[in-house]
Structure formats: structure tokens, C-alpha cells
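Student: So that you have it, the file is start22.cif, and it contains mmCIF, C-alpha atoms:
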```
data_run
#
loop_
_atom_site.label_atom_id
_atom_site.label_comp_id
_atom_site.auth_asym_id
_atom_site.auth_seq_id
_atom_site.Cartn_x
_atom_site.Cartn_y
_atom_site.Cartn_z
CA MET A 1 16.79 -209.83 -133.38
CA ASP A 2 16.52 -211.29 -136.90
CA LEU A 3 15.60 -215.02 -136.98
CA HIS A 4 17.56 -215.43 -140.24
CA TYR A 5 20.78 -214.41 -138.49
CA LEU A 6 19.84 -216.42 -135.39
CA ARG A 7 19.42 -219.57 -137.52
CA ILE A 8 22.86 -219.14 -139.11
CA PHE A 9 24.50 -218.56 -135.71
CA TYR A 10 22.67 -221.59 -134.27
CA GLU A 11 23.82 -223.95 -137.04
CA VAL A 12 27.46 -222.79 -136.74
CA ALA A 13 27.39 -223.24 -132.94
CA LYS A 14 25.66 -226.63 -133.20
CA GLU A 15 27.93 -228.01 -135.93
CA LYS A 16 31.04 -226.32 -134.46
CA SER A 17 32.02 -225.55 -138.04
CA PHE A 18 31.35 -222.71 -140.50
CA THR A 19 31.80 -225.16 -143.38
CA LYS A 20 29.31 -227.74 -142.08
CA ALA A 21 26.79 -225.01 -141.26
CA ALA A 22 27.15 -223.57 -144.78
CA ASN A 23 26.52 -227.00 -146.33
CA LYS A 24 23.46 -227.53 -144.15
CA LEU A 25 22.06 -224.10 -145.01
CA TYR A 26 22.95 -224.39 -148.73
CA ILE A 27 24.98 -221.16 -148.77
CA ASN A 28 28.72 -220.62 -149.15
CA GLN A 29 31.07 -220.37 -146.19
CA SER A 30 32.02 -216.74 -146.77
CA ALA A 31 28.33 -215.75 -146.63
CA VAL A 32 27.98 -217.58 -143.30
CA SER A 33 31.02 -215.77 -141.86
CA ILE A 34 29.77 -212.38 -143.08
CA GLN A 35 26.28 -212.88 -141.66
CA VAL A 36 27.56 -214.10 -138.29
CA LYS A 37 29.73 -210.97 -138.10
CA LYS A 38 26.73 -208.83 -139.04
CA PHE A 39 24.68 -210.53 -136.31
CA GLU A 40 27.38 -209.72 -133.75
CA GLU A 41 27.25 -206.09 -134.86
CA ILE A 42 23.46 -206.01 -134.47
CA LEU A 43 23.73 -207.47 -130.96
CA ASN A 44 26.83 -205.37 -130.18
CA SER A 45 28.44 -208.47 -128.66
CA LYS A 46 30.95 -211.13 -129.69
CA LEU A 47 29.40 -214.60 -130.02
CA PHE A 48 32.51 -216.59 -131.00
CA ASP A 49 35.99 -216.52 -129.49
CA ARG A 50 38.16 -215.99 -132.56
CA SER A 51 41.43 -216.36 -130.63
CA SER A 52 40.90 -220.12 -130.57
CA LYS A 53 41.66 -222.40 -133.54
CA LYS A 54 38.47 -224.37 -132.82
CA ILE A 55 34.94 -222.97 -132.87
CA LYS A 56 34.38 -221.71 -129.35
CA LEU A 57 31.44 -219.71 -128.01
CA THR A 58 31.82 -216.72 -125.73
CA TYR A 59 29.72 -216.51 -122.57
CA THR A 60 27.12 -214.48 -124.52
CA GLY A 61 27.26 -216.99 -127.35
CA GLU A 62 26.64 -219.91 -124.95
CA ALA A 63 23.60 -218.18 -123.44
CA LEU A 64 22.18 -217.32 -126.87
CA PHE A 65 22.79 -220.85 -128.20
CA LYS A 66 20.71 -222.39 -125.38
CA MET A 67 17.83 -220.01 -126.11
CA ALA A 68 18.11 -220.57 -129.87
CA GLU A 69 18.07 -224.34 -129.33
CA GLU A 70 14.74 -224.07 -127.49
CA ILE A 71 13.30 -221.87 -130.26
CA PHE A 72 14.29 -224.13 -133.15
CA GLU A 73 13.25 -227.32 -131.34
CA LYS A 74 9.79 -225.74 -130.96
CA VAL A 75 9.78 -224.77 -134.64
CA LYS A 76 10.70 -228.34 -135.60
CA ARG A 77 7.90 -229.76 -133.43
CA ALA A 78 5.41 -227.30 -134.96
CA GLU A 79 6.48 -228.28 -138.50
CA LYS A 80 6.02 -231.98 -137.73
CA GLU A 81 2.62 -231.41 -136.11
CA MET A 82 1.38 -229.41 -139.11
CA GLU A 83 2.72 -232.00 -141.56
CA ARG A 84 0.91 -234.73 -139.62
CA ILE A 85 -2.40 -232.81 -139.56
CA ILE A 86 -2.19 -231.99 -143.29
CA ASN A 87 -1.29 -235.57 -144.30
CA LEU A 88 -3.78 -237.36 -142.05
CA ASP A 89 -6.51 -234.73 -141.80
CA LYS A 90 -7.10 -236.03 -138.27
CA ALA A 91 -5.40 -236.07 -134.89
CA LYS A 92 -2.57 -238.48 -134.22
CA ILE A 93 -0.52 -239.15 -131.09
CA SER A 94 3.00 -240.54 -131.24
CA ILE A 95 3.61 -242.34 -127.96
CA GLY A 96 6.98 -243.39 -126.56
CA ALA A 97 7.44 -245.79 -123.65
CA THR A 98 10.18 -247.61 -121.82
CA SER A 99 9.90 -251.40 -121.98
CA VAL A 100 9.02 -251.78 -118.29
CA ILE A 101 5.93 -249.59 -118.89
CA GLY A 102 5.23 -250.39 -122.53
CA GLU A 103 5.33 -254.19 -122.39
CA PRO A 104 2.79 -254.76 -119.59
CA LEU A 105 0.76 -251.55 -119.57
CA LEU A 106 0.44 -250.02 -123.05
CA PRO A 107 -1.67 -252.82 -124.58
CA LEU A 108 -4.21 -252.42 -121.76
CA LEU A 109 -4.18 -248.62 -122.02
CA MET A 110 -4.52 -248.47 -125.79
CA LYS A 111 -7.30 -251.07 -125.96
CA ASP A 112 -9.54 -248.93 -123.74
CA PHE A 113 -8.40 -245.59 -125.19
CA ILE A 114 -9.22 -246.66 -128.78
CA SER A 115 -12.70 -247.78 -127.74
CA LEU A 116 -13.37 -244.28 -126.39
CA HIS A 117 -11.53 -242.22 -129.01
CA ASP A 118 -11.50 -243.92 -132.38
CA GLU A 119 -11.11 -240.47 -134.01
CA ILE A 120 -7.48 -240.35 -132.82
CA GLU A 121 -4.76 -242.35 -134.54
CA TYR A 122 -1.51 -243.28 -132.80
CA ASP A 123 1.86 -244.96 -133.16
CA ILE A 124 4.17 -246.38 -130.49
CA THR A 125 7.94 -246.41 -129.95
CA ILE A 126 9.55 -248.58 -127.25
CA SER A 127 13.11 -247.57 -126.35
CA THR A 128 15.42 -246.24 -123.62
CA LYS A 129 14.59 -243.10 -121.64
CA ALA A 130 17.47 -241.12 -123.15
CA TRP A 131 16.45 -241.88 -126.74
CA LEU A 132 12.75 -241.27 -126.05
CA LEU A 133 13.49 -237.87 -124.48
CA LYS A 134 15.59 -236.93 -127.52
CA LEU A 135 12.75 -237.87 -129.90
CA LEU A 136 10.25 -235.97 -127.73
CA LYS A 137 12.32 -232.75 -127.89
CA GLU A 138 12.74 -233.12 -131.66
CA GLY A 139 9.00 -233.52 -132.20
CA GLU A 140 9.13 -237.15 -133.33
CA LEU A 141 7.10 -238.13 -130.25
CA ASP A 142 4.23 -236.29 -128.56
CA ILE A 143 4.08 -238.00 -125.21
CA LEU A 144 6.15 -240.41 -123.12
CA LEU A 145 5.19 -243.04 -120.55
CA ILE A 146 8.30 -243.88 -118.55
CA ASP A 147 9.23 -245.38 -115.20
CA GLU A 148 10.06 -242.67 -112.70
CA GLU A 149 12.87 -240.31 -113.64
CA HIS A 150 14.07 -237.04 -112.09
CA ILE A 151 13.58 -234.57 -114.96
CA THR A 152 14.46 -230.88 -114.54
CA ASP A 153 14.11 -229.62 -118.14
CA PRO A 154 11.99 -226.40 -118.00
CA ASN A 155 10.47 -227.17 -121.43
CA LEU A 156 9.00 -230.48 -120.27
CA GLU A 157 5.99 -231.18 -118.11
CA VAL A 158 6.07 -234.31 -115.96
CA ILE A 159 2.94 -235.87 -114.45
CA THR A 160 3.31 -238.77 -112.02
CA VAL A 161 0.48 -241.33 -112.17
CA GLY A 162 -0.44 -244.92 -111.39
CA SER A 163 0.89 -245.51 -107.87
CA VAL A 164 0.73 -249.28 -107.22
CA PRO A 165 2.28 -251.64 -104.64
CA TYR A 166 5.10 -254.07 -105.28
CA ILE A 167 4.10 -257.74 -105.53
CA LEU A 168 6.04 -260.93 -104.84
CA VAL A 169 4.83 -263.48 -107.40
CA GLY A 170 5.72 -266.96 -108.59
CA THR A 171 4.16 -269.93 -110.34
CA LYS A 172 3.42 -271.97 -107.20
CA ASN A 173 0.69 -271.61 -104.62
CA THR A 174 3.19 -271.75 -101.74
CA GLN A 175 2.46 -268.97 -99.23
CA LYS A 176 5.08 -269.69 -96.55
CA LEU A 177 7.79 -267.06 -96.85
CA GLU A 178 10.32 -269.19 -95.02
CA ALA A 179 10.10 -271.76 -97.82
CA ILE A 180 10.01 -269.05 -100.51
CA SER A 181 13.18 -267.44 -99.13
CA LYS A 182 15.11 -270.62 -99.93
CA GLU A 183 14.15 -270.31 -103.62
CA PRO A 184 15.93 -267.92 -106.03
CA LEU A 185 14.58 -264.36 -106.15
CA ILE A 186 14.78 -262.58 -109.51
CA SER A 187 14.90 -258.81 -109.40
CA ARG A 188 15.53 -255.76 -111.60
CA LYS A 189 19.10 -254.65 -110.97
CA ASN A 190 19.83 -251.11 -109.68
CA ILE A 191 16.15 -250.14 -109.30
CA TYR A 192 15.84 -248.27 -105.99
CA ASN A 193 12.20 -249.11 -105.20
CA ASN A 194 12.75 -252.74 -106.16
CA ASP A 195 15.62 -252.99 -103.65
CA ARG A 196 13.47 -251.26 -101.01
CA ALA A 197 10.64 -253.72 -101.54
CA ILE A 198 12.98 -256.70 -101.10
CA SER A 199 14.55 -255.22 -97.95
CA HIS A 200 11.17 -254.38 -96.48
CA LEU A 201 9.86 -257.91 -97.07
CA GLU A 202 12.98 -259.44 -95.50
CA ASP A 203 12.98 -257.14 -92.45
CA LYS A 204 9.25 -257.37 -91.76
CA ASN A 205 9.17 -261.17 -91.98
CA HIS A 206 12.64 -261.87 -90.49
CA ILE A 207 13.79 -263.77 -93.56
CA CYS A 208 16.66 -263.51 -96.01
CA PHE A 209 16.50 -264.62 -99.62
CA ASN A 210 19.42 -267.02 -100.01
CA THR A 211 19.87 -266.57 -103.77
CA LYS A 212 19.18 -263.31 -105.62
CA ILE A 213 19.39 -263.08 -109.39
CA PRO A 214 19.63 -259.44 -110.51
CA VAL A 215 18.68 -258.80 -114.15
CA VAL A 216 19.34 -255.63 -116.15
CA GLY A 217 16.94 -254.74 -118.95
CA ASN A 218 14.01 -256.45 -120.60
CA LEU A 219 10.96 -257.15 -118.44
CA GLY A 220 9.94 -260.01 -120.73
CA VAL A 221 13.15 -261.88 -119.90
CA ILE A 222 12.52 -261.48 -116.17
CA LYS A 223 8.96 -262.77 -116.41
CA GLY A 224 10.10 -265.55 -118.75
CA MET A 225 12.53 -266.76 -116.08
CA VAL A 226 9.68 -266.96 -113.56
CA LYS A 227 7.50 -268.87 -116.04
CA GLU A 228 10.32 -271.38 -116.54
CA GLY A 229 10.42 -272.01 -112.78
CA ILE A 230 13.86 -270.46 -112.24
CA GLY A 231 12.65 -268.33 -109.33
CA ASN A 232 10.11 -265.86 -107.97
CA VAL A 233 10.11 -262.13 -108.61
CA ILE A 234 9.22 -258.82 -106.98
CA LEU A 235 7.77 -256.29 -109.43
CA PRO A 236 5.25 -253.40 -109.46
CA TYR A 237 1.66 -254.61 -109.72
CA TYR A 238 1.15 -253.11 -113.20
CA ALA A 239 4.11 -255.14 -114.49
CA VAL A 240 2.51 -258.49 -113.60
CA TYR A 241 -1.19 -257.58 -113.73
CA LYS A 242 -1.89 -259.60 -116.88
CA GLU A 243 -0.20 -262.76 -115.56
CA ILE A 244 -2.03 -262.51 -112.23
CA GLN A 245 -5.40 -262.10 -113.98
CA SER A 246 -4.74 -265.16 -116.15
CA ASP A 247 -3.60 -267.13 -113.07
CA GLU A 248 -0.20 -267.67 -114.68
CA PHE A 249 1.43 -265.97 -111.67
CA LYS A 250 0.34 -266.49 -108.07
CA VAL A 251 0.49 -263.59 -105.61
CA ILE A 252 2.68 -264.63 -102.68
CA ARG A 253 2.80 -261.24 -100.91
CA THR A 254 1.64 -257.68 -101.60
CA ILE A 255 4.09 -255.08 -100.29
CA ASP A 256 1.83 -252.07 -99.71
CA GLU A 257 4.54 -250.11 -97.91
CA VAL A 258 6.58 -249.68 -101.12
CA THR A 259 4.83 -248.30 -104.20
CA ASP A 260 5.86 -247.54 -107.76
CA SER A 261 4.55 -244.97 -110.21
CA TYR A 262 5.13 -244.12 -113.83
CA GLN A 263 5.29 -240.72 -115.48
CA ILE A 264 3.68 -238.92 -118.39
CA VAL A 265 6.16 -236.54 -120.06
CA ILE A 266 5.19 -233.93 -122.68
CA THR A 267 6.68 -230.72 -124.08
CA LYS A 268 4.89 -227.71 -122.61
CA ASP A 269 3.99 -226.33 -126.05
CA LYS A 270 1.78 -229.40 -126.71
CA LYS A 271 0.03 -229.70 -123.38
CA ASN A 272 -3.02 -227.70 -124.53
CA LEU A 273 -3.70 -229.71 -127.72
CA ALA A 274 -7.14 -231.33 -127.47
CA HIS A 275 -6.07 -234.88 -128.40
CA ILE A 276 -3.10 -234.74 -125.98
CA ILE A 277 -5.40 -233.58 -123.17
CA LYS A 278 -7.76 -236.50 -123.90
CA PHE A 279 -4.92 -239.01 -123.68
CA ILE A 280 -3.43 -237.53 -120.50
CA ASN A 281 -6.81 -237.45 -118.74
CA PHE A 282 -7.47 -241.03 -119.80
CA VAL A 283 -4.11 -242.27 -118.46
CA LYS A 284 -4.51 -240.34 -115.20
CA ASN A 285 -7.90 -241.97 -114.59
CA PHE A 286 -6.97 -245.45 -115.82
CA LYS A 287 -7.34 -248.15 -113.16
CA LEU A 288 -6.10 -251.74 -113.35
#
```
Show the structure stored in the file as C-alpha cells.
Tutor:
Amino acid sequence: MDLHYLRIFYEVAKEKSFTKAANKLYINQSAVSIQVKKFEEILNSKLFDRSSKKIKLTYTGEALFKMAEEIFEKVKRAEKEMERIINLDKAKISIGATSVIGEPLLPLLMKDFISLHDEIEYDITISTKAWLLKLLKEGELDILLIDEEHITDPNLEVITVGSVPYILVGTKNTQKLEAISKEPLISRKNIYNNDRAISHLEDKNHICFNTKIPVVGNLGVIKGMVKEGIGNVILPYYAVYKEIQSDEFKVIRTIDEVTDSYQIVITKDKKNLAHIIKFINFVKNFKL
């Protein structure tokens, strides 16, 4: 199999257009068509269904496209890694994180990591899981720290770390749950473990929170609402560690029965790089 032909096939299949592929590859359309046909002859198999007006892959074409996608994503990551090494002449880690992990945890992690490994530079991107995973596969990011996600991609390695209990916190010293249950409870909407923690607290203590305020999105907004006295909140310990240490938030109850973890995600072709190994080992051993 010739990688030159594979690249042309891949661009046509990805762009779903011979014209767009030709423009991207800086060759004319007729040359693209001829070389795709030649590739089919080499493989002795049709890759495109030419009975359709639109670009449509055959079964063989679909299978080859998926394999080609993996190959060229790896090539792109290798190119970016080499460019980074040449330009910086030192190791650098590009870290991506979701806001629920990045906002409370990354500053603590990076402060200690830098003190141990000042030979490694880094940059940070905070975004959604979907966008971070896209950047990881394209080589823009080296490693992700995300709240738990079921990932089945065979090219990615997922390491679960940092199991901590859920905590009910507020700004008052009140410890009586009966009184607390009459106050608004702020929670992250549609988060399974968060809902479990609330249910467990209610069932175990025979209470029911009268008013629940579900919030989608930014952790800073949720904690800001607590600071303004709007209500109390149940969150993983790592999410409120800083506020507890500064005595800004008071621990009302620790819910040991329900725990939350976060995940390290990397592409398998980078897992043996020395600076990546250092960061992973550091995160795995990091204790609040």
C-alpha cells in the first residue's frame, strides 16, 4: 500500500469531494480521480460507489477510511510534537481540562508540579469534553483531565484517579440537617453521582430538601451562589477544597458512601514519552 495514494483517498473521503480534496492537496481534480482509480487497481477493490451522484464509500472504502484516519491523526500528532521540540528545545505539555476539574484542581496540581519539574513547560485549555477530545486526537493537546466519561476509543488510554467523597457545604456553621433541608440546595444538573449523593443524604437522615436549584455548567457560578448566601451545595471534595481550607465554606456533612473521580486521557502513542509519564505519575500520586 502506497501512502501517497492512501492520502489522496483519505482526503477525498473526508471532504466528500474530489474538487475539495484536489484544492487541499494542491493538485488538479483529474489527477486526483486518476490516482484514486489507480489505488483501487492496486488494492483490487472498489473504494467509492460510482453509481451514486454523491461521494459514497463502499464497505471496503469505509473500513479503509477509518484505518487511514487513525494513521494520519498519528502523523499530525507526530508533526506537532516535533515542531514543539524543535522550537522550544525542551519538553512541553499541552493540558486540557473541563471546567469542573480545571477551575478547582489545576492551580493546585500545577503549583506543585512546576516546583518538581521546572524543566517542563506547559499550556492549559479549559473547554467542553467533546472539544477537548477533538483537540487531543488532532495533536493540539497532549493530555486531558476530565470528570468521568465512558470512553471506548481504542486509540485513547483512560486512567481514573482522585476518588473523593461528596461534601455538603455552606457558609454557615449550622450542623442540624433538619434546618439545612429547609434552605435551598444548589446542585449540578444531570450529574449522576451528584443526584446519588443528594438521595443518599436524604434517605439516610430521613429529610427532604424543600427547594432544589439545579444549575448546568460553570462551577464558579455554583460556588458564587453559595457565597452570596442563596443556598448550600453538594459537590465533590476536590471542587470545594480551596474554600474549605480558607474557611469560606463550612463542611455540613461528608457523604463517604458516594465518591467522585476524574480521569486522565492520553493518546496511546504518547503514553511512553518521558515528560508525559512524569505528569501522569504526579497526578496519580497527588493528594489534597
Student: Output the residue selection produced by the PyMOL selection byres ((chain A and resi 32) around 12) on the file above, formatted as a PyMOL selection string.
Tutor: chain A and resi 4-13+17-31+33-39
Student: Which one of A:Lys111, A:Lys268, A:Lys134, A:Lys182 sits closest to Lys212 in chain A if you count all atoms listed in the file?
Tutor: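 Counting all atoms listed in the file, the residue closest to Lys212 in chain A is A:Lys182.
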Student: Hey, what comes out of the PyMOL selection byres ((chain A and resi 233) around 7) on this file? Could you write it as a PDB file with C-alpha atoms, in the frame of the given file?
Tutor:
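Saved file selection.pdb follows:
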```pdb
ATOM      1  CA  LEU A 168       6.040-260.930-104.840  1.00  0.00           C
ATOM      2  CA  VAL A 169       4.830-263.480-107.400  1.00  0.00           C
ATOM      3  CA  GLY A 170       5.720-266.960-108.590  1.00  0.00           C
ATOM      4  CA  LEU A 185      14.580-264.360-106.150  1.00  0.00           C
ATOM      5  CA  ILE A 186      14.780-262.580-109.510  1.00  0.00           C
ATOM      6  CA  SER A 187      14.900-258.810-109.400  1.00  0.00           C
ATOM      7  CA  VAL A 226       9.680-266.960-113.560  1.00  0.00           C
ATOM      8  CA  GLY A 231      12.650-268.330-109.330  1.00  0.00           C
ATOM      9  CA  ASN A 232      10.110-265.860-107.970  1.00  0.00           C
ATOM     10  CA  ILE A 234       9.220-258.820-106.980  1.00  0.00           C
ATOM     11  CA  LEU A 235       7.770-256.290-109.430  1.00  0.00           C
TER      12      LEU A 235
END
```
Student: Between CA of Glu178 in chain A and CA of Val240 in chain A, measure the distance and give it in Å to one decimal.
Tutor: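 So the answer is 22.8 Å.
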Student: Here's the selection I'm unsure about, the PyMOL selection byres ((chain A and resi 62) around 12); applied to the file above, which residues does it give, as an MDAnalysis selection string?
Tutor: chainID A and resid 9:10 13:14 46:49 55:61 63:69
Student: Which residue is closest to Asp118 in chain A? Choose from A:Glu257, A:His275, A:Ile143, A:Val283 and count all atoms listed in the file.
Tutor: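 Looking only at the distances to Asp118 in chain A, the closest residue turns out to be A:His275.
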Student: Quick one: pull the distance between CA of Ala179 in chain A and CA of Gly229 in chain A, Å, one decimal.
Tutor: 15.0 Å
